[in-house]
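To keep things clear, I will list the structure first and then write my remarks on it.
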Amino acid sequence: MKAFPIIISSPSGAGKTTIIDAVLKRNKTVARVITATTRSPRKGEKDGKDYHFWTIKQFEQAIKKGQMLEWAQVHTSYYGIPKKSVDGLLKKGICPILVIDVQGARTIKKIYPQAATVFIIPPSLKELKKRILGRNDNTQDIELRLETAKKEVQELDHYDYALLNDDLKKAVEVMSGIITAEQCRVVRQDLKKIKNLK
Ligand code: ADP
């Protein structure tokens, strides 16, 4: 199988991190690309594991040197993907999972047209609010987040897959299924090797 990026978007709080963490535990053919950010770590988040927590100066230097595949300012912080993190995994034959907002997804898809894209949908705005509040997040900007969520869902048309995160266990199964199916696509195989069956 030729490795390819898997792009995953959703409104904040819809369940990307939770679903991906569960998938990563059982599927070693995929790995999460760690995003760099200038936002402060939430309780329990570790540098280099959850995010690369960079200073604004570090981040701006990486942009200047052309080392970021994509970056954006969300609310008041920078978020971005170091290019070498994606290319390093592809070289190893591992599918990089990119958790990224809807604009970033478009940029990445242009750079890696072979990427598969998945949009995770929350069951409702009410449930999304409950999940964000339950995460013990900075909830000052909750209304802004919900407004952003409504806009982000409008971008669903640009994605290959729509994954409703209602029941978590089911959502993890579906995500695993999407990955497996994508990895089995004929275009992603080393056909020469397969057809020369020995
Ligand atoms: P994201 O990474 O998209 O911002 P998270 O994975 O952090 O979202 O999920 C937000 C919160 O919702 C977390 O507290 C998580 O445990 C919870 N959560 C995720 N999926 C479900 C689900 N299907 N049902 C109930 N709670 C969920």
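Scheme for the structure tokens: letters A, B, ... for chains in order shown; per-chain residue numbers from 1; ligand numbers from 1 in order shown.
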Problem set entry | Nearby residues (only C-alpha atoms) at most 12 Å from Gln58 of chain A, same-chain spacing under 3 positions excluded, as a PyMOL selection string | chain A and resi 36-38+52-55+61-65+67-68+78+80
Problem set entry | Contacts of ligand 1, 10 Å or closer, only C-alpha atoms and all ligand atoms, given as a PyMOL selection string | chain A and resi 8-21+99-100+120-123+127-137+164-172
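Among the candidates A:Leu146, A:Ala72, A:Met1, A:Ile111, the residue lying nearest to Gln183 of chain A is A:Met1 (atoms considered: only C-alpha atoms).
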Problem set entry | Given only C-alpha atoms as the counted atoms, nearest of A:His158, A:Arg32, A:Lys192, A:His75 to Pro96 of chain A | A:Arg32
Problem set entry | Residues of segment 16-190 of chain A in helix (DSSP H, G or I), written as a PyMOL selection string | chain A and resi 16-26+56-64+83-91+102-111+125-134+142-158+168-184+186-188
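Comparing A:Glu70, A:Asp87, A:Asp141, A:Asp157 by their smallest distance to Lys110 of chain A, the closest is A:Glu70 (using only C-alpha atoms).
Closest approach to Gly66 of chain A among A:Val30, A:Ala162, A:Ile81, A:Ile97: A:Ile81, based on only C-alpha atoms.
Across the model, the gap from atom CA of Gly44 of chain A to atom CA of Ala22 of chain A is 17.5 Å.
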Problem set entry | Nearest to Lys109 of chain A by atom-to-atom distance, counting only C-alpha atoms, from A:Val23, A:Leu69, A:Leu191, A:Ala181 | A:Leu69
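By only C-alpha atoms, and with residues fewer than 3 positions from Glu155 of chain A along its chain excluded, the set lying at most 12 Å from it is A:Ser9, A:Ser10, A:Pro11, A:Asp101, A:Val102, A:Gln103, A:Gly104, A:Ala105, A:Arg106, A:Thr117, A:Val118, A:Phe119, A:Ile120, A:Ile121, A:Thr148, A:Ala149, A:Lys150, A:Lys151, A:Glu152, A:His158, A:Tyr159, A:Asp160, A:Tyr161, A:Ala162.
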Residues at most 9 Å from segment 90-94 of chain A, counting only C-alpha atoms, excluding those fewer than 2 positions away in the same chain, as a PDB file with N, CA, C and O atoms, in the first residue's frame?
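Result went into around_8.pdb, see below:
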ATOM      1  N   MET A   1       0.842  -1.200   0.000  1.00  0.00           N
ATOM      2  CA  MET A   1       0.000   0.000   0.000  1.00  0.00           C
ATOM      3  C   MET A   1       0.881   1.256   0.000  1.00  0.00           C
ATOM      4  O   MET A   1       1.833   1.343   0.767  1.00  0.00           O
ATOM      5  N   LYS A   2       0.537   2.187  -0.892  1.00  0.00           N
ATOM      6  CA  LYS A   2       1.252   3.466  -0.885  1.00  0.00           C
ATOM      7  C   LYS A   2       0.584   4.337   0.173  1.00  0.00           C
ATOM      8  O   LYS A   2      -0.633   4.569   0.112  1.00  0.00           O
ATOM      9  N   ALA A   3       1.375   4.794   1.133  1.00  0.00           N
ATOM     10  CA  ALA A   3       0.792   5.595   2.223  1.00  0.00           C
ATOM     11  C   ALA A   3       0.247   6.912   1.686  1.00  0.00           C
ATOM     12  O   ALA A   3       0.761   7.449   0.696  1.00  0.00           O
ATOM     13  N   PHE A   4      -0.795   7.407   2.322  1.00  0.00           N
ATOM     14  CA  PHE A   4      -1.460   8.648   1.906  1.00  0.00           C
ATOM     15  C   PHE A   4      -1.963   9.379   3.156  1.00  0.00           C
ATOM     16  O   PHE A   4      -2.263   8.738   4.164  1.00  0.00           O
ATOM     17  N   PRO A   5      -2.061  10.705   3.101  1.00  0.00           N
ATOM     18  CA  PRO A   5      -2.561  11.420   4.279  1.00  0.00           C
ATOM     19  C   PRO A   5      -4.066  11.210   4.482  1.00  0.00           C
ATOM     20  O   PRO A   5      -4.808  11.069   3.510  1.00  0.00           O
ATOM     21  N   LYS A  28      -1.716   0.262  13.642  1.00  0.00           N
ATOM     22  CA  LYS A  28      -0.345   0.790  13.602  1.00  0.00           C
ATOM     23  C   LYS A  28       0.072   1.228  12.199  1.00  0.00           C
ATOM     24  O   LYS A  28       1.226   1.582  11.980  1.00  0.00           O
ATOM     25  N   THR A  29      -0.853   1.184  11.244  1.00  0.00           N
ATOM     26  CA  THR A  29      -0.525   1.637   9.883  1.00  0.00           C
ATOM     27  C   THR A  29      -0.803   3.132   9.728  1.00  0.00           C
ATOM     28  O   THR A  29      -0.572   3.709   8.672  1.00  0.00           O
ATOM     29  N   VAL A  30      -1.327   3.733  10.795  1.00  0.00           N
ATOM     30  CA  VAL A  30      -1.605   5.169  10.783  1.00  0.00           C
ATOM     31  C   VAL A  30      -0.940   5.829  12.000  1.00  0.00           C
ATOM     32  O   VAL A  30      -0.712   5.168  13.012  1.00  0.00           O
ATOM     33  N   ALA A  31      -0.614   7.108  11.882  1.00  0.00           N
ATOM     34  CA  ALA A  31      -0.047   7.848  13.014  1.00  0.00           C
ATOM     35  C   ALA A  31      -0.504   9.287  12.948  1.00  0.00           C
ATOM     36  O   ALA A  31      -0.668   9.841  11.856  1.00  0.00           O
ATOM     37  N   SER A  85       6.922  16.491   9.321  1.00  0.00           N
ATOM     38  CA  SER A  85       6.192  15.489  10.103  1.00  0.00           C
ATOM     39  C   SER A  85       5.352  14.602   9.188  1.00  0.00           C
ATOM     40  O   SER A  85       5.223  13.399   9.420  1.00  0.00           O
ATOM     41  N   VAL A  86       4.771  15.202   8.142  1.00  0.00           N
ATOM     42  CA  VAL A  86       3.929  14.446   7.209  1.00  0.00           C
ATOM     43  C   VAL A  86       4.807  13.603   6.281  1.00  0.00           C
ATOM     44  O   VAL A  86       4.609  12.391   6.137  1.00  0.00           O
ATOM     45  N   ASP A  87       5.795  14.243   5.674  1.00  0.00           N
ATOM     46  CA  ASP A  87       6.628  13.539   4.701  1.00  0.00           C
ATOM     47  C   ASP A  87       7.429  12.404   5.334  1.00  0.00           C
ATOM     48  O   ASP A  87       7.649  11.368   4.708  1.00  0.00           O
ATOM     49  N   GLY A  88       7.837  12.592   6.579  1.00  0.00           N
ATOM     50  CA  GLY A  88       8.583  11.556   7.291  1.00  0.00           C
ATOM     51  C   GLY A  88       7.754  10.283   7.427  1.00  0.00           C
ATOM     52  O   GLY A  88       8.248   9.172   7.191  1.00  0.00           O
ATOM     53  N   PRO A  96      -0.231   9.365   7.523  1.00  0.00           N
ATOM     54  CA  PRO A  96      -0.315  10.430   8.529  1.00  0.00           C
ATOM     55  C   PRO A  96      -1.760  10.903   8.692  1.00  0.00           C
ATOM     56  O   PRO A  96      -2.434  11.172   7.702  1.00  0.00           O
TER      57      PRO A  96
END
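The space separating atom CA of Lys43 of chain A from atom CA of Thr139 of chain A comes to 13.9 Å.
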Problem set entry | Å distance separating atom CA of Ala116 of chain A from atom CA of Ile179 of chain A, one decimal place | 8.6 Å
For this session: Apply DSSP to the backbone of this structure and, from segment 109-186 of chain A, keep only the residues in strand (DSSP E or B); write these as an MDAnalysis selection string.
Result: chainID A and resid 116:121 161:164
